[in-house]
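*Asks:* This is protein07.txt, which holds compact mmCIF, C-alpha atoms:
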# COMPACT_ATOMS: atom_id res chain seq x y z
CA MET E 1 0.00 0.00 0.00
CA GLY E 2 1.41 3.41 -0.93
CA ILE E 3 2.04 5.96 1.86
CA SER E 4 -0.10 8.42 -0.09
CA ASN E 5 -3.11 6.29 0.88
CA PHE E 6 -2.64 7.07 4.59
CA PRO E 7 -4.29 10.12 6.14
CA ALA E 8 -2.25 13.26 5.60
CA ALA E 9 -1.85 13.73 9.37
CA LEU E 10 -0.12 10.34 9.71
CA GLN E 11 2.17 10.48 6.69
CA PRO E 12 4.97 12.52 8.38
CA ILE E 13 5.41 9.96 11.17
CA ILE E 14 5.91 7.03 8.78
CA GLN E 15 9.64 6.55 8.21
CA GLN E 16 10.65 6.39 4.54
CA GLY E 17 13.91 5.73 2.77
CA PHE E 18 15.20 2.73 4.75
CA LEU E 19 17.71 0.64 2.74
CA GLU E 20 16.85 -2.99 2.24
CA ARG E 21 18.88 -4.97 4.76
CA GLU E 22 20.46 -7.27 2.17
CA PHE E 23 22.88 -6.77 -0.69
CA MET E 24 21.58 -7.68 -4.12
CA GLN E 25 24.18 -9.61 -6.09
CA ALA E 26 25.68 -8.27 -9.29
CA LEU E 27 25.53 -10.18 -12.55
CA ARG E 28 28.13 -12.95 -12.66
CA SER E 29 30.18 -14.03 -15.63
CA ARG E 30 29.64 -17.60 -16.82
CA ILE E 31 33.00 -19.35 -16.65
CA GLY E 32 34.23 -22.82 -17.55
CA TYR E 33 37.61 -22.91 -19.35
CA ARG E 34 39.42 -24.05 -16.20
CA ALA E 35 37.28 -27.20 -16.14
CA CYS E 36 39.11 -28.65 -19.16
CA ALA E 37 42.54 -28.43 -17.48
CA ASP E 38 44.30 -31.46 -16.02
CA ARG E 39 45.18 -30.34 -12.51
CA GLU E 40 48.53 -31.35 -11.06
CA ASP E 41 50.38 -30.42 -7.87
CA PHE E 42 53.57 -28.43 -8.39
CA SER E 43 55.90 -29.91 -5.77
CA VAL E 44 57.68 -27.84 -3.14
CA GLY E 45 61.42 -27.20 -3.46
CA ILE E 46 61.86 -27.57 -7.23
CA GLY E 47 61.99 -23.93 -8.25
CA GLU E 48 59.49 -21.78 -10.12
CA THR E 49 59.56 -23.53 -13.50
CA LEU E 50 58.84 -27.17 -14.23
CA THR E 51 59.68 -28.79 -17.55
CA LYS E 52 57.59 -31.82 -18.38
CA THR E 53 58.60 -34.45 -20.92
CA ARG E 54 56.15 -36.35 -23.10
CA ALA E 55 57.33 -39.57 -24.73
CA GLY E 56 56.32 -40.37 -28.28
CA LEU E 57 55.68 -43.72 -29.97
CA LYS E 58 57.56 -45.76 -32.54
CA PRO E 59 56.13 -46.26 -36.06
CA ALA E 60 54.25 -49.44 -36.82
CA VAL E 61 56.21 -52.30 -38.42
CA THR E 62 54.51 -53.62 -41.58
CA THR E 63 57.50 -55.14 -43.41
CA PRO E 64 58.34 -58.76 -42.53
CA LEU E 65 61.86 -59.63 -41.46
CA ALA E 66 63.66 -61.15 -44.42
CA ALA E 67 65.19 -64.56 -43.75
CA SER E 68 68.33 -63.63 -45.64
CA THR E 69 69.06 -60.72 -43.27
CA ASN E 70 68.19 -62.59 -40.07
CA THR E 71 71.83 -63.28 -39.28
CA ASN E 72 74.62 -62.21 -36.95
CA LEU E 73 74.10 -60.83 -33.48
CA ASP E 74 71.68 -58.11 -34.57
CA ASN E 75 69.43 -60.46 -36.59
CA GLY E 76 69.42 -57.87 -39.35
CA LEU E 77 67.66 -55.31 -37.16
CA THR E 78 68.58 -51.64 -36.85
CA PRO E 79 67.98 -50.19 -33.36
CA GLY E 80 65.39 -47.45 -33.23
CA SER E 81 64.15 -45.06 -30.56
CA TRP E 82 61.13 -42.99 -29.66
CA ASN E 83 61.00 -39.21 -29.74
CA VAL E 84 60.32 -36.86 -26.85
CA GLU E 85 58.96 -33.34 -26.52
CA GLN E 86 59.02 -30.93 -23.62
CA PHE E 87 56.80 -28.13 -22.40
CA THR E 88 57.22 -25.74 -19.50
CA LEU E 89 54.89 -24.84 -16.64
CA THR E 90 55.77 -21.67 -14.74
CA LEU E 91 54.51 -20.66 -11.30
CA ASN E 92 53.17 -17.17 -10.72
CA HIS E 93 51.58 -15.54 -7.70
CA TYR E 94 48.13 -13.94 -8.08
CA ALA E 95 46.28 -12.17 -5.27
CA ALA E 96 43.79 -9.45 -4.35
CA THR E 97 42.54 -7.96 -1.10
CA MET E 98 40.02 -5.60 0.49
CA ASP E 99 39.73 -4.00 3.93
CA LEU E 100 36.77 -3.99 6.30
CA ASN E 101 36.34 -1.65 9.25
CA MET E 102 34.41 -3.69 11.78
CA VAL E 103 33.10 -0.55 13.52
CA THR E 104 31.55 0.99 10.42
CA SER E 105 30.28 -2.41 9.28
CA ARG E 106 28.22 -2.59 12.49
CA VAL E 107 26.03 0.23 11.24
CA GLY E 108 25.80 -1.13 7.71
CA ILE E 109 22.63 -2.49 6.17
CA ALA E 110 23.93 -6.06 5.97
CA SER E 111 26.99 -8.18 6.63
CA GLN E 112 29.81 -6.60 4.68
CA PHE E 113 32.10 -9.41 5.83
CA LEU E 114 30.06 -12.06 4.03
CA GLN E 115 29.64 -9.86 0.99
CA ASN E 116 33.39 -9.24 0.81
CA ALA E 117 34.03 -12.99 0.99
CA TYR E 118 31.54 -13.59 -1.82
CA VAL E 119 33.06 -10.89 -4.04
CA ASN E 120 36.60 -12.17 -3.39
CA GLY E 121 35.58 -15.73 -4.25
CA GLU E 122 33.92 -14.68 -7.50
CA GLN E 123 36.94 -12.58 -8.46
CA ALA E 124 39.32 -15.47 -7.80
CA ALA E 125 37.26 -17.96 -9.82
CA ARG E 126 36.93 -15.59 -12.77
CA SER E 127 40.63 -14.68 -12.64
CA LEU E 128 41.73 -18.31 -12.84
CA ASP E 129 39.26 -18.98 -15.64
CA ASP E 130 40.67 -16.06 -17.63
CA LEU E 131 44.21 -17.35 -17.07
CA ALA E 132 43.13 -20.77 -18.36
CA ARG E 133 41.41 -19.20 -21.37
CA ASN E 134 44.45 -17.07 -22.21
CA ALA E 135 46.84 -20.01 -22.05
CA LEU E 136 44.55 -22.11 -24.25
CA PHE E 137 43.92 -19.49 -26.92
CA THR E 138 47.53 -18.24 -27.03
CA ALA E 139 48.68 -21.70 -28.12
CA TYR E 140 45.88 -22.26 -30.64
CA PHE E 141 46.04 -18.78 -32.18
CA GLY E 142 49.68 -19.48 -33.03
CA GLY E 143 50.81 -19.75 -36.64
CA ASN E 144 47.63 -18.21 -38.10
CA THR E 145 47.74 -14.55 -39.15
CA ARG E 146 47.62 -12.24 -42.17
CA VAL E 147 49.75 -9.65 -43.98
CA ARG E 148 49.26 -6.20 -42.44
CA THR E 149 50.93 -3.98 -45.03
CA SER E 150 51.17 -4.75 -48.76
CA LEU E 151 54.62 -5.20 -50.23
CA ALA E 152 55.41 -2.47 -52.77
CA SER E 153 57.69 -4.97 -54.49
CA SER E 154 59.03 -8.42 -53.75
CA GLY E 155 61.17 -8.61 -50.62
CA PRO E 156 62.13 -10.85 -47.70
CA ALA E 157 60.37 -8.90 -44.87
CA VAL E 158 56.59 -9.05 -44.35
CA SER E 159 54.62 -7.16 -41.68
CA VAL E 160 51.98 -9.36 -40.07
CA ASP E 161 49.19 -8.86 -37.57
CA ASP E 162 50.32 -11.52 -35.06
CA ILE E 163 53.70 -13.26 -34.70
CA ARG E 164 52.60 -15.87 -32.16
CA GLY E 165 53.42 -19.37 -33.37
CA PHE E 166 56.17 -18.10 -35.70
CA GLN E 167 58.85 -17.28 -33.13
CA THR E 168 59.89 -20.81 -32.16
CA ILE E 169 60.10 -24.26 -33.68
CA PHE E 170 60.38 -27.64 -31.97
CA VAL E 171 63.83 -29.20 -32.39
CA ASN E 172 64.32 -32.63 -30.79
CA GLY E 173 61.32 -31.99 -28.59
CA THR E 174 62.35 -28.56 -27.28
CA GLN E 175 61.38 -25.11 -28.54
CA GLN E 176 64.16 -23.18 -30.25
CA PRO E 177 64.05 -19.66 -31.76
CA VAL E 178 63.36 -19.63 -35.50
CA SER E 179 66.61 -18.88 -37.34
CA ALA E 180 68.58 -19.82 -40.43
CA ALA E 181 69.70 -22.93 -38.55
CA ASN E 182 66.14 -23.71 -37.41
CA PRO E 183 63.85 -22.49 -40.22
CA LEU E 184 60.07 -22.78 -40.40
CA VAL E 185 58.02 -23.32 -43.56
CA VAL E 186 55.26 -20.71 -43.90
CA MET E 187 52.53 -20.32 -46.49
CA ILE E 188 51.90 -16.73 -47.63
CA GLY E 189 49.10 -16.38 -50.10
CA ALA E 190 49.53 -19.25 -52.54
CA ASP E 191 53.22 -20.06 -52.02
CA ALA E 192 55.51 -21.56 -49.38
CA TYR E 193 58.49 -19.63 -47.99
CA THR E 194 61.24 -20.37 -45.47
CA LEU E 195 61.08 -18.25 -42.32
CA VAL E 196 64.45 -17.45 -40.72
CA GLY E 197 63.72 -14.54 -38.37
CA VAL E 198 60.98 -12.74 -36.45
CA GLY E 199 60.93 -9.14 -35.21
CA VAL E 200 58.57 -7.59 -32.67
CA ASP E 201 56.99 -4.20 -33.35
CA ALA E 202 57.86 -1.54 -30.79
CA ASN E 203 54.24 -0.36 -30.90
CA ASN E 204 51.88 -3.33 -30.85
CA ILE E 205 48.99 -2.80 -33.27
CA SER E 206 47.75 -6.39 -33.50
CA THR E 207 43.98 -6.81 -33.74
CA ALA E 208 44.02 -10.39 -32.40
CA PRO E 209 43.18 -10.89 -28.70
CA GLY E 210 46.51 -11.01 -26.89
CA GLY E 211 48.34 -10.78 -30.22
CA GLN E 212 51.67 -9.13 -31.02
CA SER E 213 52.30 -7.47 -34.37
CA GLY E 214 55.72 -7.82 -35.98
CA VAL E 215 57.81 -8.57 -39.05
CA LEU E 216 58.62 -12.00 -40.51
CA THR E 217 61.91 -12.33 -42.38
CA PHE E 218 62.35 -15.06 -44.99
CA SER E 219 65.37 -16.63 -46.65
CA GLY E 220 64.15 -15.45 -50.06
CA SER E 221 61.93 -12.73 -51.44
CA VAL E 222 58.18 -12.90 -51.02
CA SER E 223 56.34 -11.94 -54.20
CA ALA E 224 54.23 -8.79 -54.22
CA ALA E 225 51.25 -10.91 -55.30
CA ASP E 226 51.53 -13.07 -52.17
CA GLY E 227 52.45 -10.18 -49.86
CA VAL E 228 49.29 -8.15 -50.38
CA ALA E 229 47.53 -6.77 -47.29
CA GLY E 230 45.01 -9.26 -45.92
CA ALA E 231 46.69 -12.32 -47.44
CA SER E 232 46.76 -15.35 -45.18
CA VAL E 233 49.99 -16.31 -43.43
CA GLN E 234 50.09 -19.81 -41.96
CA ALA E 235 52.90 -21.82 -40.43
CA ALA E 236 53.27 -25.45 -41.48
CA THR E 237 52.82 -26.37 -37.81
CA ALA E 238 49.80 -24.13 -37.15
CA SER E 239 46.74 -25.44 -35.34
CA LEU E 240 43.50 -25.76 -37.28
CA VAL E 241 41.21 -22.72 -37.25
CA LEU E 242 37.82 -23.32 -38.87
CA ARG E 243 35.75 -20.57 -40.49
CA PRO E 244 32.40 -20.79 -42.30
CA ASN E 245 32.51 -20.99 -46.10
CA GLY E 246 36.23 -21.74 -46.11
CA ARG E 247 37.39 -18.23 -45.19
CA SER E 248 41.17 -18.15 -44.97
CA ASN E 249 41.72 -15.67 -42.12
CA THR E 250 39.86 -13.41 -39.70
CA SER E 251 39.71 -10.40 -42.03
CA THR E 252 38.02 -12.41 -44.82
CA ILE E 253 34.97 -13.39 -42.74
CA GLN E 254 31.85 -11.91 -44.33
CA PRO E 255 28.21 -11.30 -43.34
CA GLY E 256 26.38 -14.62 -43.37
CA ASP E 257 29.40 -16.54 -42.06
CA THR E 258 27.58 -17.84 -38.99
CA LEU E 259 28.27 -20.87 -36.82
CA SER E 260 26.80 -24.13 -38.12
CA MET E 261 26.79 -27.79 -37.16
CA THR E 262 29.19 -28.42 -40.05
CA ASN E 263 31.83 -26.33 -38.28
CA VAL E 264 31.60 -28.17 -34.98
CA LEU E 265 31.49 -31.58 -36.68
CA ASP E 266 34.64 -30.66 -38.63
CA ALA E 267 36.28 -29.71 -35.31
CA VAL E 268 35.30 -33.05 -33.78
CA ALA E 269 36.62 -34.87 -36.85
CA ASP E 270 39.99 -33.11 -36.56
CA LEU E 271 40.31 -34.03 -32.88
CA ARG E 272 39.45 -37.64 -33.62
CA MET E 273 41.94 -37.76 -36.51
CA ASN E 274 44.62 -36.73 -34.03
CA ALA E 275 43.43 -39.39 -31.56
CA VAL E 276 42.64 -36.76 -28.92
CA PRO E 277 40.80 -38.35 -25.94
CA ASP E 278 37.48 -36.84 -24.90
CA ILE E 279 36.55 -35.40 -21.50
CA ASP E 280 34.22 -37.76 -19.61
CA GLY E 281 32.63 -39.05 -22.80
CA ALA E 282 32.50 -35.89 -24.94
CA TYR E 283 34.57 -32.98 -26.19
CA ASN E 284 33.90 -29.62 -24.55
CA CYS E 285 32.74 -26.83 -26.86
CA TYR E 286 33.02 -23.44 -25.17
CA LEU E 287 30.86 -20.82 -26.85
CA ASP E 288 29.13 -17.57 -25.99
CA PRO E 289 25.32 -17.14 -26.12
CA ILE E 290 25.34 -15.56 -29.61
CA SER E 291 27.34 -18.49 -31.00
CA ALA E 292 24.93 -20.89 -29.31
CA ARG E 293 21.90 -19.10 -30.77
CA GLN E 294 23.36 -19.35 -34.27
CA LEU E 295 24.12 -23.03 -33.81
CA PHE E 296 20.66 -23.86 -32.48
CA ALA E 297 19.13 -21.99 -35.45
CA ASP E 298 21.14 -24.04 -37.95
CA GLN E 299 18.82 -26.28 -39.98
CA ASP E 300 21.12 -29.30 -39.81
CA PHE E 301 21.28 -28.96 -36.03
CA GLN E 302 17.49 -28.65 -35.73
CA ARG E 303 16.91 -31.56 -38.11
CA LEU E 304 19.08 -33.78 -35.91
CA PHE E 305 16.65 -33.44 -32.99
CA ILE E 306 13.31 -33.67 -34.80
CA GLY E 307 11.39 -36.45 -33.09
CA SER E 308 14.21 -37.13 -30.65
CA THR E 309 13.03 -38.57 -27.32
CA SER E 310 15.92 -36.84 -25.57
CA ALA E 311 15.14 -33.36 -26.93
CA ASN E 312 13.91 -32.14 -23.54
CA GLU E 313 17.22 -33.08 -21.93
CA ILE E 314 19.40 -31.17 -24.37
CA PHE E 315 19.15 -27.82 -22.60
CA ARG E 316 19.20 -28.99 -18.99
CA PRO E 317 20.28 -25.97 -16.88
CA GLY E 318 23.64 -26.16 -15.13
CA GLN E 319 24.85 -29.20 -17.06
CA GLY E 320 25.65 -27.75 -20.45
CA VAL E 321 24.28 -29.28 -23.62
CA VAL E 322 25.35 -32.85 -24.31
CA ASN E 323 24.68 -34.94 -27.39
CA GLU E 324 26.28 -38.36 -27.72
CA PHE E 325 25.85 -38.47 -31.49
CA LEU E 326 27.81 -35.27 -31.96
CA GLY E 327 30.26 -36.24 -29.24
CA LEU E 328 30.05 -32.72 -27.84
CA ARG E 329 29.28 -30.99 -24.58
CA PHE E 330 28.24 -27.38 -25.25
CA VAL E 331 29.35 -25.10 -22.41
CA LEU E 332 28.03 -21.54 -22.45
CA THR E 333 30.46 -18.88 -21.28
CA THR E 334 30.58 -15.09 -21.25
CA GLU E 335 34.40 -15.11 -21.12
CA ALA E 336 34.85 -16.12 -24.77
CA PHE E 337 37.19 -13.99 -26.90
CA VAL E 338 35.26 -11.58 -29.12
CA GLN E 339 36.64 -8.69 -31.13
CA PRO E 340 35.50 -6.08 -33.65
CA HIS E 341 35.93 -7.29 -37.22
CA PRO E 342 39.22 -5.93 -38.63
CA THR E 343 37.54 -4.41 -41.70
CA LEU E 344 33.72 -4.54 -41.29
CA ALA E 345 32.40 -1.70 -39.12
CA GLY E 346 30.05 -2.86 -36.39
CA ALA E 347 30.66 -6.57 -37.02
CA ILE E 348 31.89 -8.87 -34.24
CA VAL E 349 34.13 -11.93 -34.61
CA ARG E 350 33.30 -14.71 -32.15
CA ARG E 351 35.41 -17.72 -31.26
CA PRO E 352 33.97 -21.01 -30.00
CA ILE E 353 36.63 -23.59 -29.24
CA VAL E 354 36.31 -27.39 -29.08
CA VAL E 355 38.75 -29.05 -26.68
CA GLY E 356 39.72 -32.56 -25.69
CA GLN E 357 41.38 -34.04 -22.64
CA GLY E 358 44.84 -32.64 -21.95
CA ALA E 359 44.40 -29.40 -23.89
CA LEU E 360 45.43 -27.54 -20.73
CA ILE E 361 47.50 -28.36 -17.67
CA GLU E 362 47.01 -26.48 -14.41
CA GLY E 363 49.83 -26.58 -11.90
CA ASP E 364 48.84 -25.79 -8.30
CA PHE E 365 51.72 -25.07 -5.91
CA ALA E 366 51.60 -27.76 -3.25
CA GLY E 367 52.86 -25.41 -0.53
CA MET E 368 50.08 -22.83 -0.76
CA ALA E 369 48.47 -23.78 2.55
CA ALA E 370 51.56 -25.14 4.33
CA ASP E 371 51.97 -24.21 8.01
CA ASP E 372 54.91 -21.91 7.36
CA VAL E 373 52.98 -20.09 4.61
CA ALA E 374 49.57 -20.15 6.31
CA PRO E 375 50.10 -20.57 10.09
CA LYS E 376 47.52 -22.60 11.98
CA ASP E 377 46.46 -19.65 14.12
CA SER E 378 45.45 -17.67 11.02
CA ILE E 379 42.15 -17.98 9.20
CA VAL E 380 43.14 -19.54 5.88
CA SER E 381 40.81 -21.73 3.85
CA LEU E 382 41.81 -23.61 0.70
CA VAL E 383 38.81 -23.56 -1.63
CA ASP E 384 39.13 -25.24 -5.05
CA GLY E 385 42.87 -24.66 -5.02
CA VAL E 386 42.61 -20.98 -3.98
CA CYS E 387 43.59 -19.69 -0.52
CA MET E 388 41.05 -17.39 1.13
CA VAL E 389 42.72 -15.38 3.92
CA THR E 390 41.24 -13.32 6.75
CA ARG E 391 43.84 -11.27 8.63
CA GLU E 392 43.11 -10.15 12.18
CA PRO E 393 43.12 -6.40 13.00
CA ILE E 394 46.67 -5.07 13.48
CA ASP E 395 45.89 -1.35 13.39
CA ARG E 396 46.16 0.75 16.58
CA LEU E 397 42.45 0.50 17.33
CA GLN E 398 42.26 -3.15 16.20
CA GLN E 399 39.24 -2.46 14.04
CA ILE E 400 40.31 -3.07 10.43
CA ILE E 401 40.54 -6.62 9.11
CA ALA E 402 41.80 -7.63 5.68
CA GLN E 403 40.04 -10.18 3.48
CA SER E 404 42.22 -11.54 0.69
CA TRP E 405 42.75 -14.42 -1.70
CA TYR E 406 45.81 -15.76 -3.43
CA TRP E 407 46.74 -18.52 -5.84
CA ILE E 408 50.21 -19.78 -6.74
CA GLY E 409 50.30 -21.74 -9.96
CA GLY E 410 50.19 -21.58 -13.71
CA PHE E 411 48.55 -22.91 -16.86
CA CYS E 412 50.15 -24.22 -20.03
CA ALA E 413 48.93 -25.82 -23.24
CA PRO E 414 51.10 -28.90 -23.90
CA SER E 415 52.20 -29.73 -27.43
CA ASP E 416 51.84 -33.03 -29.29
CA THR E 417 54.62 -32.91 -31.87
CA THR E 418 55.51 -36.59 -31.34
CA THR E 419 52.07 -37.62 -32.59
CA ASN E 420 52.53 -37.64 -36.36
CA SER E 421 51.53 -39.61 -39.42
CA LEU E 422 54.14 -42.28 -38.63
CA THR E 423 52.46 -43.21 -35.35
CA VAL E 424 48.87 -42.07 -36.04
CA PRO E 425 48.30 -42.17 -39.81
CA THR E 426 45.48 -39.57 -39.72
CA ALA E 427 47.36 -37.10 -37.51
CA THR E 428 48.00 -33.56 -38.72
CA ASN E 429 51.27 -31.61 -38.61
CA ALA E 430 50.04 -29.12 -35.97
CA ASN E 431 52.20 -28.61 -32.89
CA TYR E 432 49.06 -28.23 -30.75
CA LYS E 433 46.41 -30.80 -31.59
CA ARG E 434 44.03 -30.99 -28.63
CA ALA E 435 41.73 -28.09 -29.49
CA VAL E 436 40.15 -26.56 -32.58
CA MET E 437 39.12 -22.91 -32.71
CA ILE E 438 36.20 -21.69 -34.83
CA GLU E 439 35.86 -18.08 -35.99
CA HIS E 440 32.55 -16.70 -37.24
CA LEU E 441 30.57 -13.47 -37.47
CA GLY E 442 27.92 -12.66 -34.90
Would you mind writing the structure in this file as structure tokens?

*Replies:*
Amino acid sequence: MGISNFPAALQPIIQQGFLEREFMQALRSRIGYRACADREDFSVGIGETLTKTRAGLKPAVTTPLAASTNTNLDNGLTPGSWNVEQFTLTLNHYAATMDLNMVTSRVGIASQFLQNAYVNGEQAARSLDDLARNALFTAYFGGNTRVRTSLASSGPAVSVDDIRGFQTIFVNGTQQPVSAANPLVVMIGADAYTLVGVGVDANNISTAPGGQSGVLTFSGSVSAADGVAGASVQAATASLVLRPNGRSNTSTIQPGDTLSMTNVLDAVADLRMNAVPDIDGAYNCYLDPISARQLFADQDFQRLFIGSTSANEIFRPGQGVVNEFLGLRFVLTTEAFVQPHPTLAGAIVRRPIVVGQGALIEGDFAGMAADDVAPKDSIVSLVDGVCMVTREPIDRLQQIIAQSWYWIGGFCAPSDTTTNSLTVPTATNANYKRAVMIEHLG
């Protein structure tokens, strides 16, 4: 009932303007990239960087041993070996804090202590998810870019939008800088060239999320026809990036290039060709709501579920969208990388990504909650690998407490260079094989 309905004589004695005694929660980002990471403890006392080694396989033997060579001590056999590759996981320290004056909080409308704890927890979860996303996309962006400035005439130096994936090459399982001694084959336009050097621009003008613009230097001259602005530049070891209608790079995406079931099925096919294991029965497809809307509007996708008895279970809240036929688990997120289209005003490029098991590794420092780091008389709680800390008042009036969180660890995307056509006949030449990125307009 409105106060205006009371008698005028009573209205002045009715208190107005009280604040509601509860905080309303802000909108929360939908996260999920961290869920695809294999979590491992980073042991105490081994430094800040851990190098892991992955052993490869030996090729299959399909030629019978000839009787005429089955002699001597070696029986006509030549010893072989398996290859190895290494990737590095580096620890970093992330933290945030906020203060609370217990005196002023007593006159507040609600418990600021609990609200601070909630806000800290949400910030920590979103921060780790962004770190996982950045590590994943940095690896799978690599080796895919475009010419930024047209060559006036043929020459060995080409300016590109993003040099990630061109700076190093795997040599005997370890990453080495690209050089004349360790060259990398790169396709520019319609021709292949030998990359021998990479330079970083002093002023980064890359349009790719997290990208770094620079100059690629080749052993020979790149033709002016290949080195035209917007031409695709792709390393021989680049990960697969799918785009509707066969677009060759981000700048060539056009109106109508929307996400379809064909794109996600092609991504699944690539993962299966590389023998990438799934995650609890399906590959995870992280996509934002606009990408999901386009996919669900695709006629092939709709036709798949006509008359399906499981149609009501497809969109079960909180569990993603799972379909066994597609082999996919659709996970909605608001943390997906989006960017303005490089050439189309007002257009947005969106990037779903399909990942398999082992696409990410999360290293959690095992000593985060140790007694010498977090003494027993302090209030320290380890929640999902993150330390939540409440520090007692140490000011002169003993009124101000600090509420903080910290995490010590790191993410990395491991490579799979030892998986090749000799050990898995359908495998591709990509250094990173456990995820496939899709770019489309939305």

*Asks:* Just want the 8 Å neighbourhood of Gly327 in chain E, counted on only C-alpha atoms, with same-chain residues fewer than 5 positions away dropped. Output as an MDAnalysis selection string.

*Replies:* chainID E and resid 268 281:283 322

*Asks:* List as a list in words: which residues have an atom within 6 Å of (38.4, -17.1, -28.1), counting only C-alpha atoms?

*Replies:*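 These residues have at least one counted atom within 6 Å: Ala336, Phe337 and Arg351 of chain E.
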
*Asks:* Can you write out the residues you just picked, keeping C-alpha atoms, as a PDB file, in the frame of the given file?

*Replies:*
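Produced file part_4.pdb, reproduced below:
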ATOM      1  CA  ALA E 336      34.850 -16.120 -24.770  1.00  0.00           C
ATOM      2  CA  PHE E 337      37.190 -13.990 -26.900  1.00  0.00           C
ATOM      3  CA  ARG E 351      35.410 -17.720 -31.260  1.00  0.00           C
TER       4      ARG E 351
END

*Asks:* Looking at E:Ala60, E:Ile348, E:Asn431, E:Gly409, which one is nearest to Phe166 in chain E, with distances taken over all atoms listed in the file?

*Replies:* E:Asn431

*Asks:* List the neighbours of Thr168 in chain E out to 6 Å using all atoms listed in the file; skip same-chain residues closer than 3 positions along the sequence, and give me the result as a list in words.

*Replies:*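 So the residues in contact are Gln175, Gln176, Pro177 and Val178 of chain E.
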
*Asks:* I want to know what sits within 9 Å of Gly142 in chain E, based on only C-alpha atoms, with residues of the same chain fewer than 6 positions away left out; could you give that as a VMD selection string?

*Replies:* chain E and resid 162 to 166 234 to 235 237 to 239

*Asks:* May I have the residues within 7 Å of Thr418 in chain E as a ChimeraX atom specification, using all atoms listed in the file and disregarding those fewer than 6 positions away in the same chain?

*Replies:* /E:56,83-85

*Asks:* Using C-alpha atoms, can you export the residues from the last selection as a PDB file, keeping the file's coordinate frame?

*Replies:*
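Output contents, as saved in selection14.pdb:
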ATOM      1  CA  GLY E  56      56.320 -40.370 -28.280  1.00  0.00           C
ATOM      2  CA  ASN E  83      61.000 -39.210 -29.740  1.00  0.00           C
ATOM      3  CA  VAL E  84      60.320 -36.860 -26.850  1.00  0.00           C
ATOM      4  CA  GLU E  85      58.960 -33.340 -26.520  1.00  0.00           C
TER       5      GLU E  85
END

*Asks:* Using all atoms listed in the file, find the one residue out of E:Ile290, E:Leu332, E:Met261, E:Met437 that sits nearest to Leu304 in chain E.

*Replies:* E:Met261

*Asks:* Output as lines of an AutoDock Vina configuration file the centre and edge lengths (Å, one decimal) of the box along x, y and z of the file that holds every listed atom of range 432-435 of chain E after adding 4 Å on each side.

*Replies:*
center_x = 45.4
center_y = -29.5
center_z = -30.1
size_x = 15.3
size_y = 10.9
size_z = 11.0

*Asks:* So which one's closest to Asp257 in chain E, E:Gly211, E:Pro425, E:Pro244, E:Gly367? Using only C-alpha atoms, please.

*Replies:* E:Pro244

*Asks:* Counting only C-alpha atoms, find residues at most 7 Å from (32.9, -23.1, -41.0) (file frame) and give them as a PDB file with C-alpha atoms, in the frame of the given file.

*Replies:*
ATOM      1  CA  LEU E 242      37.820 -23.320 -38.870  1.00  0.00           C
ATOM      2  CA  ARG E 243      35.750 -20.570 -40.490  1.00  0.00           C
ATOM      3  CA  PRO E 244      32.400 -20.790 -42.300  1.00  0.00           C
ATOM      4  CA  ASN E 245      32.510 -20.990 -46.100  1.00  0.00           C
ATOM      5  CA  GLY E 246      36.230 -21.740 -46.110  1.00  0.00           C
ATOM      6  CA  LEU E 259      28.270 -20.870 -36.820  1.00  0.00           C
ATOM      7  CA  SER E 260      26.800 -24.130 -38.120  1.00  0.00           C
ATOM      8  CA  THR E 262      29.190 -28.420 -40.050  1.00  0.00           C
ATOM      9  CA  ASN E 263      31.830 -26.330 -38.280  1.00  0.00           C
TER      10      ASN E 263
END
